[in-house]
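Asks: The structure that follows is given in the form of structure tokens.
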Protein chains: 2
Amino acid sequence: MSKHEWLHENFEPAGSAVGYRITGKLDEVQSPFQKIEIYGSTDWGNLMLIDGAMMLTARDNFLYHEMIAHPALFTHAAPRRVVIIGGGDCGTLREVLKHEGVESVTQCDIDEQVTRMAEKHFPELCESNDDPRAEILFDDGLAYMKNCPAASVDVVIVDSTDPVGPAEGLFNAAFFADCARALKPDGILVQQSESPLVLLDLIKEMRGEMGKAGFKGFQTLPFPQPCYPTGWWSVTMARKDKALGFDFRHGDAMNKNFDTRYYSADIHAGARHLPPFVAEALKD
Amino acid sequence: MSKHEWLHENFEPAGSAVGYRITGKLDEVQSPFQKIEIYGSTDWGNLMLIDGAMMLTARDNFLYHEMIAHPALFTHAAPRRVVIIGGGDCGTLREVLKHEGVESVTQCDIDEQVTRMAEKHFPELCESNDDPRAEILFDDGLAYMKNCPAASVDVVIVDSTDPVGPAEGLFNAAFFADCARALKPDGILVQQSESPLVLLDLIKEMRGEMGKAGFKGFQTLPFPQPCYPTGWWSVTMARKDKALGFDFRHGDAMNKNFDTRYYSADIHAGARHLPPFVAEALKD
């Protein structure tokens, strides 16, 4: 038996828990917005928790970061200008910058301490922070999108925590309307959309709010994510022009000149087919 | 905050845990082979644990049962005779019997108490137990396969617990050789093959043992399974005749005359494309 302790996150909305065998607490900071804790683990590398919720493990964050970035970027015909709301750990930024066609990315997270903790404890996620195409802001994402020039952005990525606390405003029609305004006509909004098994209602509600904001076409892609409740997660893409659809640049995804560990053109194509119980719940 | 307790399974080999918010212990039996416990939960229905390991929740077992049964049965050209080793909760049996072409299924689990507990606490899994095509044995699966007439079986499904304790013998070449002998030349062996993220070595080892036993072609299909460690699981199929491959009866799967909640022809097709890091690890 292990001599190490176990750290469990009991996720009340789903009645389920995830946990890790830890070697100890490495760091902790109470920012103006939330409490950020870093633990070492025996098998999963460093862990980041925000207000007690598991955000990252060094071992499995590639799943989430690849799936929130690459499907949207390969669905857009030619993404040049990208905005990331949230994403303070910089892992999504790193994936976006792998696309050579991307000319500028602004990451706007309200909490500078998330990025400072990532720089210290997940340096691999921050390895592209000095890319000249990257702008890293610590500011209110709601205000950033409100003030964003109209029709100026190709892809908005909402890489947020759960819809409670600082991220609550990132899941409603007012925010999505600002995203819609900032996006070019062929732009894409993509947001992490929680567990397709236990939080289907939240995905439906999010799509509803996006609809009120003027988005017309939606696509939800599930993928495994062990450190989040149920180990099964999703992202949801939305477009204003339904006719543009969600066919993606399959050839470009096949021939991409960068490595990914989970994402591939085939994985992307496969994720587009929802399990029957999810498709049934999300049908219009 | 919840007034209920939480039950956590700390999975030592992966250093990760899953857990549920429980309403209480409903039943417990110490069989000659293992300890079986049933708990009620607030969000996941009844739970079954064997020797402290989460085996089933009422809410998510459909994922596993559909994925261990239907891909193999739709890959075989015309499965008539099926053997299930393990599977005492009878959920896999129920899925297999949905296939009208199946003429007889023998389920051989060493522990009668698993089935008795399933009948009491998961009656929905046992609803096909009286099907005249079903034979339910409580016996040693190793001996059953050893004594099985040669070339008599179309599909062998190994629906076992983890490779420790009573199920340890179900993961080695001697057992697989008996399966190979019992299978017809175009037969298929399918076995639950643990987490593609943290137990990749076990999948490789299992394929290696199957190879020693004369199996030549392999296909591993990942799928979500929240109640198992990491929430991400897999089944591995094996054939003696590599040339037969793993194309499946796509049209039959599309037009099946029974309902499934996770399995579909598209989900099956998508699962055949492994994420790059898994494909890399499993390549010959």
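Ligands are numbered from 1 in the order shown, residues from 1 within each chain, and chains are lettered A, B, ... in the order they appear in the structure tokens.
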With a cut-off of 9 Å, could you pull out the residues of segment 140-212 of chain A touching segment 81-92 of chain A and give me the nearest pair of atoms for each, distance in Å to one decimal, using only C-alpha atoms, ordered by chain and ascending number, as a tab-separated table?

Replies:
```
residue	atom	partner	partner_atom	distance
A:Asp140	CA	A:Ile85	CA	8.8
A:Gly141	CA	A:Ile85	CA	5.6
A:Leu142	CA	A:Ile85	CA	8.4
A:Tyr144	CA	A:Ile85	CA	8.5
A:Met145	CA	A:Ile85	CA	8.5
A:Ser152	CA	A:Arg81	CA	7.5
A:Val153	CA	A:Arg81	CA	5.2
A:Asp154	CA	A:Arg81	CA	5.3
A:Val155	CA	A:Val82	CA	4.9
A:Val156	CA	A:Val83	CA	4.8
A:Ile157	CA	A:Ile84	CA	4.7
A:Val158	CA	A:Ile85	CA	4.8
A:Asp159	CA	A:Gly87	CA	4.9
A:Ser160	CA	A:Gly86	CA	5.0
A:Thr161	CA	A:Gly86	CA	7.9
A:Ala167	CA	A:Gly86	CA	8.4
A:Leu170	CA	A:Ile85	CA	8.8
```

Asks: Near chain A, meaning an atom within 7 Å, which residues of chain B appear when counting only C-alpha atoms? Write them as a list of chain:residue names.

Replies: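 For chain B, the answer reads B:Ala14, B:Gly15, B:Ser16, B:Ala17, B:Val18, B:Gly19, B:Tyr20, B:Arg21, B:Thr42, B:Asp43, B:Pro224, B:Pro226, B:Thr230, B:Gly231, B:Trp232, B:Arg261, B:Tyr262, B:Tyr263, B:Ser264, B:Asp266, B:Ile267, B:Gly270, B:His273, B:Pro275, B:Pro276, B:Phe277.
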
Asks: Check the smallest atom-to-atom distance from each of B:Ala182, B:Leu73, B:Leu244, B:Leu137 to Val96 of chain B using only C-alpha atoms, then report the winner.

Replies: B:Leu73

Asks: Determine, counting only C-alpha atoms, which protein, DNA and RNA residues have an atom within 9 Å of an atom of segment 118-121 of chain A; residues of the same chain fewer than 2 positions away are not included. Present the result as a VMD selection string.

Replies: chain A and resid 26 to 27 38 46 to 48 88 to 90 113 to 116 123 to 127

Asks: Could you check which of B:Pro79, B:Ala53, B:Gln34, B:Ile136 is closest to Val102 of chain B, using only C-alpha atoms?

Replies: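 Using only C-alpha atoms, the shortest distance to Val102 of chain B belongs to B:Pro79.
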
Asks: Between atom CA of Pro132 of chain A and atom CA of Glu103 of chain A, measure the distance and give it in Å to one decimal.

Replies: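 We find that atom CA of Pro132 of chain A and atom CA of Glu103 of chain A lie 9.3 Å from each other.
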
Asks: Determine, counting only C-alpha atoms, which protein, DNA and RNA residues have an atom within 12 Å of an atom of segment 207-218 of chain B; residues of the same chain fewer than 5 positions away are not included. Present the result as a PyMOL selection string.

Replies: chain B and resi 72+169-181+183+185-193+200-202+235-247+272+279+281-284

Asks: Between atom CA of Phe122 of chain A and atom CA of Thr23 of chain A, measure the distance and give it in Å to one decimal.

Replies: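 Computing the Euclidean distance for atom CA of Phe122 of chain A and atom CA of Thr23 of chain A yields 16.4 Å.
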